[in-house]
Structures are given as structure tokens and as C-alpha cells.
Amino acid sequence: MRIKNLELYLNHLNNCLEGKYENSFWQALHNTILKFNLSPNYFTDLLSAFKQDVVKNRYHNFDELINYCERSANPVGRIILELFSIRDEESLRFSDAICTALQLTNFYQDISIDSKKNRIYVPLEELRKFGVSENQFEFMENNTNFEKLLEFQVTRAEQLFSEGRNLLPGLPKELRAQIKMTILGGEKILKKIKQSNFGVIDFRPKLSKTDYMIIFLRAIA
């Protein structure tokens with residue numbers, strides 16, 4: 001059913017790009033795309049990732065996972081930049097780093113939830129490298145190998161956030177604070193994962209009201 005709904009959504013999107021509107025929503029979307037000269041392929045990329053998520057619950061290596069992030073997360077950042085007429089390759093690269101880091105962070109944050117749905121968003125190749133079995137996710141079993149595996153994942157995401165921060169100086173003031181808040185929120189989740197000794201197999205770290213307040217103040221400082 002989800003696949004059929006997504007295919008229907010894609011059909012409506014393609015029709016709206018040709019000036020054929022199912023309802024006022026699609027007309028408004030098309031008008032927005034035209035007004036801001038948005039890239040339609042970013043919208044189709046998102047839909048392709050949503051469809052993939054219905055049928056794929058394992059990733060063999062990091063390249064496979066990155067390919068998913070390039071369609072599930074990165075288009076969002078690129079659309080936001082286009083809304084502000086930012087289209088240079090360097091800015092897009094830094095935006096991709098932020099969005100990929102956010103997607104990876106969400107994967108690690110939701111391990112305890114995804115495990116119950118038989119979903120693993122950590123590459124199987126890296127599970128084997130650190131001596132972690134798929135059963136550990138199913139039965140929510142933590143051990144030293146699992147902690148080292150998650151430490152490796154978190155460090156990589158932190159490096160992506162660090163690279164993405166290079167986007168901030170070139171952003172207009174009204175957008176800069178919002179993107180900085182987004183980065184700080186992701187980094188705080190990674191910090192909470194580390195503080196839990198990477199024990200996310202049966203625990204979902206989340207931001208508190210105090211965390212949100214501190215992030216807001218840091219972003220506007």
C-alpha cells in the first residue's frame with residue numbers, strides 16, 4: 001500500500017510539473033518550484049528514498065548507506081539553499097555533509113526503535129569488522145564490540161558536522177541561526193550517545209527542554 005501511495009504521489013508530482021494539477025496543493029507546489037527555480041529532481045530523489053525504505057532494511061556497506069542519504073536527506077538541504085538562491089558547489093557540498101550527518105545521527109538515535117522493526121542502518125560490512133552480529137540488534141544485546149562499533153559511527157558523523165559548519169559563514173543571517181541550531185541539535189544527540197557509553201541498543205537519547213534552550217541561545221549568540 002505504501003509503495004502504491006508513493007507511486008501515486010510521484011505521478012501527481014510529474015503531472016504538476018507539466019501544469020496538470022490534482023488539487024490546489026500541487027498547483028501551489030508547482031508555482032513555488034517556478035518562482036524559486038527549484039530543481040525538480042530533488043523532490044523525485046526524496047520519493048525514491050521513501051520507496052526504498054519500504055523494501056530495504058539492510059545496507060551492505062557505507063557507500064550504499066551514503067547513496068540513501070544522498071536521496072533521503074541531502075535534497076532537503078539543497079532545496080533550502082535554492083530558496084535563498086545559494087547554488088555554488090562548495091555550499092552544496094557543505095550542506096550535504098550536514099544533512100548526511102543528521103541522517104546518520106537519526107539512525108544511531110533510533111537503533112532501539114528500528115531494531116524492533118527489523119531495520120539496521122549500520123553497514124553489515126562494519127558489523128563484521130567489529131565482531132557484531134545482526135542478532136545483537138534483534139535481541140538488543142550490548143557488549144564492548146557493539147560500543148566500539150557505535151563509537152566509530154559517531155566519530156564519522158561528528159566529522160561530517162565539522163565539515164558542514166563551513167557552510168555557516170556564507171549564509172544570510174536569517175538562515176544561519178536556523179542551520180546552526182540544526183547542527184547543534186545533531187551534535188548534542190551524538191554527545192548523549194557517547195555519554196550513554198554508546199548504549200543505544202535499548203535506549204533512545206533525546207533532547208530535553210533545557211537542551212533546546214541552550215541550543216537556541218548558542219545559535220543566536
# chains A, B, ... in the order shown; residues from 1 in each chain; ligands from 1
$ residues_around --residues "Ile80 (chain A)" --least-positions-apart "2" --cutoff "12 Å" --atoms "only C-alpha atoms" --output "PyMOL selection string"
chain A and resi 33+36-39+42+73-78+82-87+91-92+95-96+99+171+175-176+178-179
$ write_last_selection --atoms "C-alpha atoms" --output "PDB file, in the first residue's frame"
ATOM      1  CA  ILE A  33       9.165  25.492  -7.895  1.00  0.00           C
ATOM      2  CA  PHE A  36      12.343  29.947  -6.816  1.00  0.00           C
ATOM      3  CA  ASN A  37      13.691  27.933  -9.753  1.00  0.00           C
ATOM      4  CA  LEU A  38      13.884  24.795  -7.594  1.00  0.00           C
ATOM      5  CA  SER A  39      15.362  21.584  -9.003  1.00  0.00           C
ATOM      6  CA  TYR A  42      15.392  16.864  -5.533  1.00  0.00           C
ATOM      7  CA  ALA A  73      18.402  13.847   3.403  1.00  0.00           C
ATOM      8  CA  ASN A  74      20.671  15.879   1.145  1.00  0.00           C
ATOM      9  CA  PRO A  75      17.893  17.112  -1.184  1.00  0.00           C
ATOM     10  CA  VAL A  76      16.224  18.842   1.768  1.00  0.00           C
ATOM     11  CA  GLY A  77      19.288  20.966   2.440  1.00  0.00           C
ATOM     12  CA  ARG A  78      19.742  21.721  -1.252  1.00  0.00           C
ATOM     13  CA  GLU A  82      17.910  27.164  -3.511  1.00  0.00           C
ATOM     14  CA  LEU A  83      15.102  29.022  -1.712  1.00  0.00           C
ATOM     15  CA  PHE A  84      17.817  31.507  -0.707  1.00  0.00           C
ATOM     16  CA  SER A  85      19.404  31.481  -4.204  1.00  0.00           C
ATOM     17  CA  ILE A  86      22.525  29.666  -2.972  1.00  0.00           C
ATOM     18  CA  ARG A  87      23.701  27.246  -5.661  1.00  0.00           C
ATOM     19  CA  SER A  91      27.896  25.391  -0.355  1.00  0.00           C
ATOM     20  CA  LEU A  92      26.074  22.332  -1.713  1.00  0.00           C
ATOM     21  CA  SER A  95      25.078  21.268   3.050  1.00  0.00           C
ATOM     22  CA  ASP A  96      25.304  17.618   2.002  1.00  0.00           C
ATOM     23  CA  CYS A  99      22.299  16.582   6.019  1.00  0.00           C
ATOM     24  CA  LEU A 171      24.610  32.058   4.824  1.00  0.00           C
ATOM     25  CA  LEU A 175      19.121  31.265   7.735  1.00  0.00           C
ATOM     26  CA  ARG A 176      22.451  30.975   9.564  1.00  0.00           C
ATOM     27  CA  GLN A 178      18.441  28.051  11.917  1.00  0.00           C
ATOM     28  CA  ILE A 179      21.126  25.889  10.332  1.00  0.00           C
TER      29      ILE A 179
END
$ residues_around --residues "Ala157 (chain A)" --least-positions-apart "6" --cutoff "8 Å" --atoms "only C-alpha atoms" --output "PyMOL selection string"
chain A and resi 101-102+104-105
$ closest_residue --among "A:Thr100, A:Asn11, A:Ser48, A:Asn41" --to "Ile66 (chain A)" --atoms "only C-alpha atoms"
A:Thr100
$ select_by_dssp --residues "region 63-95 of chain A" --states "helix (DSSP H, G or I)" --output "PyMOL selection string"
chain A and resi 63-72+74-83+89-95
$ decode --residues "region 68-79 of chain A" --atoms "N, CA and C atoms" --output "short mmCIF file (atom, residue, chain, number, x, y, z; two decimals), in the first residue's frame"
data_model
loop_
_atom_site.label_atom_id
_atom_site.label_comp_id
_atom_site.auth_asym_id
_atom_site.auth_seq_id
_atom_site.Cartn_x
_atom_site.Cartn_y
_atom_site.Cartn_z
N TYR A 68 21.74 6.26 -0.04
CA TYR A 68 20.41 6.50 0.53
C TYR A 68 20.34 7.93 1.10
N CYS A 69 21.36 8.34 1.85
CA CYS A 69 21.38 9.69 2.43
C CYS A 69 21.35 10.76 1.36
N GLU A 70 21.99 10.49 0.23
CA GLU A 70 22.02 11.46 -0.87
C GLU A 70 20.63 11.72 -1.43
N ARG A 71 19.71 10.77 -1.20
CA ARG A 71 18.35 10.94 -1.70
C ARG A 71 17.34 11.21 -0.59
N SER A 72 17.63 10.76 0.62
CA SER A 72 16.67 10.89 1.72
C SER A 72 16.87 12.17 2.53
N ALA A 73 18.08 12.71 2.54
CA ALA A 73 18.40 13.85 3.40
C ALA A 73 18.98 15.03 2.64
N ASN A 74 19.96 14.78 1.81
CA ASN A 74 20.67 15.88 1.14
C ASN A 74 19.78 16.78 0.29
N PRO A 75 18.75 16.22 -0.40
CA PRO A 75 17.89 17.11 -1.18
C PRO A 75 17.19 18.18 -0.35
N VAL A 76 16.90 17.87 0.90
CA VAL A 76 16.22 18.84 1.77
C VAL A 76 17.10 20.07 1.96
N GLY A 77 18.36 19.85 2.27
CA GLY A 77 19.29 20.97 2.44
C GLY A 77 19.48 21.75 1.16
N ARG A 78 19.54 21.04 0.03
CA ARG A 78 19.74 21.72 -1.25
C ARG A 78 18.53 22.57 -1.63
N ILE A 79 17.33 22.08 -1.34
CA ILE A 79 16.12 22.86 -1.61
C ILE A 79 16.12 24.14 -0.78
#
